[in-house]
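Report on the following structure.
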Amino acid sequence: MPETTPHDTDGVPVWRRDVGRRTILAAGGAALLLANLPGDTPLPALLAADATPDLTLDLLRREDMLKLRFEFFNLRRSTAAGPPKLVPIDASAQSVVVVGFDSQHLMEETTYVSDPGGAPPANLPAPGDIATRAAGPSRIAFLVPATVKELPFTEDGLLAWSSWVMRVVPKTAAPAVPGQLVTDLRLVDWLHLTPEQYASWAHVTHPVTSAGRTELWHTRLAPRDDFGRPDPLLGPAEIRATAADTPDDPRFDDLLSRPQTLTDIVTQSNTRGAVRGDLVLLSALGSSLELDGKWAEGTLTAWRHRSVLGRDNYVRIEERGFLFPYGHKATLITETERTIAGGAARLLRRQFVRVREPVKLFQDNGLPFRSVEIGMTTTPNLAAPGKREMIGTTSAFWVQYTLGDETTDIPFPIIATDWAGNRIDSVAHFAFVYEGDATDQTVLAALQAKADPNDFETVHPRRTHELGGQKVAFGPVPASAGLAADTPRNTTFPALRVHLNVKLRVQDGEAGFAPQMLAAEIRMPAVEALAGGRQLTTAIGYDPGYVAGSFENTKGELFARVSPTVADVGRLVQAITAQNPLPDVGAVTARFGNQVAQLGGIAAPDLDIRGLSRSLGPLSGPAGTISQIAKDGDFDPRKFFPGTAKLLGGLSLADLLGGTPKLPVANAPKIVTTPEYGNGPDRPPTAVTTILDWQPALPDDLTAGVFLPKLPDRPHATLSLHGENRTVLGANGVTTTSAIKGDLRDFAIELVKGNDDQLSFIRLTFRRFAFEQHDGAKPVIHVELDRIDFEGPLKFVNTLQQFLVSTGKGLGIDVQPAGITAGYTLAIPDVGIGVFALQHLAFSAALSIPFDGSPARARFAFCSREHPFTLTVSLFGGGGFFALALGTDGFELMEASIEFGGAVAFNLGVASGSVSVMAGIYFKLEHKPKQIGDGGTEIPEHDAITLTGYVRANGSLNVLGLITISAEFYLALSYTNDGGKNLVEGEASLTVEIDILFFSKSVTLTVHKSFAGPGSSALAARTAAALPSGGSPSFGDQMSQDDWNTYCDAFAA
């Protein structure tokens, strides 16, 4: 049986009797254990970790409050042959002495200080309500080798620890709660500590009294000198954390930042360097500590711990991390300090973030910033951990503080430097990601979800920088360019907002995430100048080809895609990246002055901007065309401009360019904005000038269309466009002037040729058609019309043009606010020979170009409806007219009328009278544009035909000039086909008028009938379907039973 209550020869227990100097053995009899430790030979098996001590001893000393409990394993007390001593029970096995201490540390509830200024909270717990809990007992284990045959069982001998060697947990052991037979110091909340094996403990063996006062017995950990003696003056000892308990009380789990911090202390102190123990002191009243741990790697970077007599005074934990989304290296500092507040010295805890890497450099084409500098390197106190917004279920959190009753993100002032070296001021919101989590896939997935790259509709303040129009270079600017913002060879634009995205990456020493630009909202001064000075917000996103390899992967130096909204540009870039079909997204439309009238209606080359090029500036065209420019470096002017781009009113610019081959991008339109620095380059600009220039090469021949750029007898057609907008930034405000010019020379318009030579009617040949407009004033138009040639069925009119020239009459040009009209009228003199008379002959032709963007119109007429020609031969005669209207968009109207008949008059003296009978035909073919009908229904464009035949008979009789009787009979039948709706109308009228002296009376009888053809109405369709083939409609066919019943009921009694 193990001996648990040892007695000496007089029967008094050892731990209750006085042990004095008389019983101390000589030093030589103590035999230093250090000298008897085995060298390289394996140690005999140690006792089991859960062994029961063979002997226990409580050593108490009232004078200096020494209180220790000794447990001896494989040792027994012996009094044979001299003073008491301890001898091994099994001489072939090692022995262990364990010295136990009562609890050396008191865990204490902390109060978190969330006030940014550091003021303690108002609701501090009362001093008696602060929760405390004693840590478990501590112990020091010493090894007794098998070569040691005896130990002195005296007070001095039992306190001679410097002659013993501690038994500690090896560094190679996996973290675990130390067993019973190894050193285990419980001096910090939840941690198990152990010194290094060859350190020792320094203390006195007897009470030290001075002036009637005895100092508290204590022992201090210290390194050994060259003679193996502990010496605190040699410097700090080293100590390690061997294991951490799982906190089971939330009131005491936050002293060291978070539960994971406990594990980090164990890992860091065992694998990357022990903690420096400037003071590790044990006593009956508790431990006193001054611990400092610093590590160059791992999440935990520093641990500083100060405590006195078992009570913590100051604890500081520093944990490495990164600031999301830019990845600046930062440190989360948890600081707990004993402070007098609320009438008690209590532990107040706070957390704050310190930026270790204020300036972060980037080399990523997907980001406009080359560096981002954080202006605030130390934050105010953070909000309490339970009130911060976490990122998913991870340990990452948004850096927030408490203002009043609200928890909000801390705004970090940042200064970003772009590709051109511009410094951009903004504010950012960051999340803190622990270094150990910054490469964890679960954490990275949660971070990427927070960036929400698929949500293009919502503006997230945490991923958005408000820039307020500061100029940002979104791509590299050639060193030789020296150009201002928004010019070709530059990538700088005033930016309103930059929206960030996050990409995942693997890079040593860095976070597993990096920022990228999802989209930016910018202004393009050149485009705004063309839009009449209106401010246009444009969304851009980096082209994936540029991101992958800068301008080396894009021949057209395309770097950004353009759309009116962030949502559109986000979807477009995403589709390009995934190589999916491109979505139909909107474009930023730029019109010269945004009003066609400002260009005189002659040129309105609208731009549907969907891309930005460093070489060309804004690029117009479908998204696929922009991709082709980037891939091949070719510029197709037909696709650069949208279908709405017009010249000469309704003439499509694409038709004008016809089969123009693809050109190098250098021949594309240039839109340039240049600032003027009247007060020096280091001062704001005094003026800004935006210029658009384009001189496209026109094709030699067009296989279809109305525009003829090359004629046999004229030079090749040329086109030039020039627009200039100048804004002066003066002390009295902003003054804007503009000038727009266009010049189209040596061309012809053929109406309406299309693909069929038989449809060619009129050719208008121009020497020059130019316009010039300044500052919104009335445009100045220069028109030099060379000639008008009639073709096809109207070719005979060309001969008549000789009369126009011979009479000296030229073209008449009339410029009005609504448009410009150029034309002439040729009147032929009346011809009369005997009973033959030809009167009112006239030919007219005119070209009208409206200023509202409508297509240009040309009209040819032989006489007119108001002034038809007349032809009479004796008592027979007739007349008529013909008119043809054509436009650059096609056929518009053709109408003609002719009538014939006879007339006779008589005079008998007392009576006279006349009789005339006329018959005529009127034909009209009209093209109607698309329109909105009654009820909001859309009526598509269609052709309408009207054919009318009529007979008109007049007769009058006058008696003695006193009584006149006249009568007129009119009968007309018309057929109309209006977009598939057929209608036949008949009208007959008889008018009789009697004049007697001063009395006149007229009576008119009129009958009008209309018959709707198939497709005109449901009733007509049903009636026609009900008729037998070839039969006449019966009464039953024309009236339904319900209608008949209603009719009968109306006359019922």
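Identifiers for the structure tokens are assigned positionally: chains receive A, B, ... in sequence, residues are indexed from 1 per chain, and ligands are indexed from 1 in the order shown.
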**Request:** Once DSSP has gone over the backbone, tell me which residues of region 221-328 of chain A are in strand (DSSP E), as a PyMOL selection string.
**Result:** chain A and resi 221-222+237-244+275-283+288-294+300-308+311-324+328
**Item:** Polymer residues at most 8 Å from Thr1006 (chain A), only C-alpha atoms, same-chain spacing of 3 or more positions, as an MDAnalysis selection string
**Value:** chainID A and resid 987:990
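With only C-alpha atoms as the atoms that count, the residue of A:Asp58, A:Ala822, A:Ile130, A:Pro152 with the shortest distance to Pro84 (chain A) is A:Pro152.
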**Filtered DSSP result for region 794-960 of chain A, state alpha helix (DSSP H), as a list in words** =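 Output for region 794-960 of chain A, alpha helix (DSSP H) only: Val797, Asn798, Thr799, Leu800, Gln801, Gln802, Phe803, Leu804, Val805 and Ser806 of chain A.
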Store the residues picked out above in a file with C-alpha atoms, as an mmCIF file, in the first residue's frame.
data_model
loop_
_atom_site.group_PDB
_atom_site.id
_atom_site.type_symbol
_atom_site.label_atom_id
_atom_site.label_comp_id
_atom_site.auth_asym_id
_atom_site.auth_seq_id
_atom_site.Cartn_x
_atom_site.Cartn_y
_atom_site.Cartn_z
ATOM 1 C CA VAL A 797 -39.706 66.143 -119.228
ATOM 2 C CA ASN A 798 -35.972 66.524 -119.808
ATOM 3 C CA THR A 799 -36.712 68.129 -123.182
ATOM 4 C CA LEU A 800 -38.954 70.675 -121.531
ATOM 5 C CA GLN A 801 -36.090 71.740 -119.218
ATOM 6 C CA GLN A 802 -34.638 73.609 -122.192
ATOM 7 C CA PHE A 803 -37.471 76.092 -121.859
ATOM 8 C CA LEU A 804 -36.530 76.649 -118.240
ATOM 9 C CA VAL A 805 -33.007 77.542 -119.221
ATOM 10 C CA SER A 806 -33.979 79.645 -122.186
#
**Asked** Using only C-alpha atoms, which residues sit within 6 Å of Phe923 (chain A) once same-chain residues fewer than 3 positions away are excluded, as a list in words?
**Response**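 Non-adjacent residues within range: Glu895, Ala896, Thr946 and Leu947 of chain A.
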**Request:** Could you give me, as a PyMOL selection string, the residues within 12 Å of His942 (chain A), counting only C-alpha atoms and dropping anything in the same chain fewer than 6 positions from it?
**Result:** chain A and resi 891-892+925-931+977-981
Using only C-alpha atoms, find each residue of region 241-341 of chain A with at least one atom at most 10 Å away from an atom of region 490-506 of chain A; report its shortest atom-to-atom pair and that distance in Å (one decimal), sort the rows by chain and rising residue number, and return the result as CSV.
residue,atom,partner,partner_atom,distance
A:Phe324,CA,A:Val502,CA,9.2
A:Pro325,CA,A:Val502,CA,6.9
A:Tyr326,CA,A:Val502,CA,8.9
Limited to C-alpha atoms, could you put the picked residues into a file as a PDB file, in the first residue's frame?
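To be explicit, this is the file written out as selection.pdb:
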ATOM      1  CA  PHE A 324     -11.537  43.066 -47.566  1.00  0.00           C
ATOM      2  CA  PRO A 325     -11.776  43.821 -50.476  1.00  0.00           C
ATOM      3  CA  TYR A 326      -8.391  45.473 -51.200  1.00  0.00           C
TER       4      TYR A 326
END
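In this model, the gap between CA of Ala160 (chain A) and CA of Leu106 (chain A) comes to 28.4 Å.
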**Asked** Using only C-alpha atoms, which residues sit within 8 Å of Leu191 (chain A) once same-chain residues fewer than 4 positions away are excluded, as a list in words?
**Response**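 The residues that qualify are Arg186, Leu187, Ala241, Thr242, Ala243, Ala244, Asp245 and Leu262 of chain A.
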**Message:** One decimal, in Å: what's the spacing between CA of Thr377 (chain A) and CA of Asn422 (chain A)?
**Reply:** 22.0 Å
**Prompt:** Excluding same-chain residues fewer than 6 positions from Thr183 (chain A), what lies within 9 Å of it counting only C-alpha atoms, as an MDAnalysis selection string?
**Reply:** chainID A and resid 98:99 138:142 166:169 193:195
Export of the given selection (N, CA and C atoms) as a compact mmCIF listing (two decimals), in the first residue's frame:
# COMPACT_ATOMS: atom_id res chain seq x y z
N VAL A 98 6.00 15.87 -7.43
CA VAL A 98 5.07 16.86 -7.93
C VAL A 98 4.77 17.83 -6.80
N VAL A 99 5.03 19.15 -7.07
CA VAL A 99 4.76 20.19 -6.09
C VAL A 99 3.48 20.90 -6.52
N SER A 138 -2.25 24.64 -9.91
CA SER A 138 -1.04 24.50 -10.72
C SER A 138 -0.10 23.51 -10.04
N ARG A 139 0.83 22.95 -10.83
CA ARG A 139 1.79 22.00 -10.28
C ARG A 139 3.09 22.08 -11.06
N ILE A 140 4.17 21.73 -10.33
CA ILE A 140 5.49 21.63 -10.95
C ILE A 140 5.97 20.21 -10.71
N ALA A 141 6.34 19.51 -11.75
CA ALA A 141 6.80 18.12 -11.63
C ALA A 141 8.31 18.08 -11.84
N PHE A 142 8.98 17.29 -10.97
CA PHE A 142 10.42 17.12 -11.06
C PHE A 142 10.73 15.64 -11.25
N MET A 166 12.86 19.94 -14.00
CA MET A 166 11.41 19.87 -14.21
C MET A 166 11.07 18.86 -15.30
N ARG A 167 9.93 18.28 -15.12
CA ARG A 167 9.37 17.40 -16.15
C ARG A 167 8.25 18.18 -16.85
N VAL A 168 8.43 18.45 -18.16
CA VAL A 168 7.50 19.29 -18.92
C VAL A 168 6.99 18.52 -20.13
N VAL A 169 5.95 19.12 -20.77
CA VAL A 169 5.41 18.54 -22.00
C VAL A 169 6.37 18.86 -23.14
N LEU A 193 0.08 26.14 -19.08
CA LEU A 193 1.41 26.61 -19.40
C LEU A 193 2.47 25.68 -18.85
N THR A 194 3.61 25.69 -19.50
CA THR A 194 4.75 24.92 -19.00
C THR A 194 6.03 25.66 -19.35
N PRO A 195 7.03 25.67 -18.41
CA PRO A 195 8.31 26.31 -18.74
C PRO A 195 9.14 25.37 -19.62
**Pick from A:Gln628, A:Asn365, A:Thr439, A:Gln507 nearest to Phe474 (chain A), counting only C-alpha atoms** =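 Counting only C-alpha atoms, the residue closest to Phe474 (chain A) is A:Asn365.
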**Message:** What's around Ala846 (chain A) at 9 Å? Count only C-alpha atoms, leave out sequence neighbours fewer than 6 positions away in its own chain, and write the answer as a list in words.
**Reply:**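 Neighbouring residues, sequence-local ones excluded: Thr821, Ala822, Gly823, Tyr824, Thr825, Arg857, Ala858, Arg859 and Phe860 of chain A.
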Just to be explicit: take each residue in the selection above, keep C-alpha atoms, and write the result as a PDB file, in the first residue's frame.
ATOM      1  CA  THR A 821     -37.024  73.625-100.167  1.00  0.00           C
ATOM      2  CA  ALA A 822     -35.386  73.864-103.577  1.00  0.00           C
ATOM      3  CA  GLY A 823     -37.336  73.620-106.840  1.00  0.00           C
ATOM      4  CA  TYR A 824     -38.874  75.272-109.865  1.00  0.00           C
ATOM      5  CA  THR A 825     -42.145  75.507-111.872  1.00  0.00           C
ATOM      6  CA  ARG A 857     -38.945  64.547-100.121  1.00  0.00           C
ATOM      7  CA  ALA A 858     -39.059  65.199-103.862  1.00  0.00           C
ATOM      8  CA  ARG A 859     -42.311  66.028-105.715  1.00  0.00           C
ATOM      9  CA  PHE A 860     -43.029  66.149-109.448  1.00  0.00           C
TER      10      PHE A 860
END
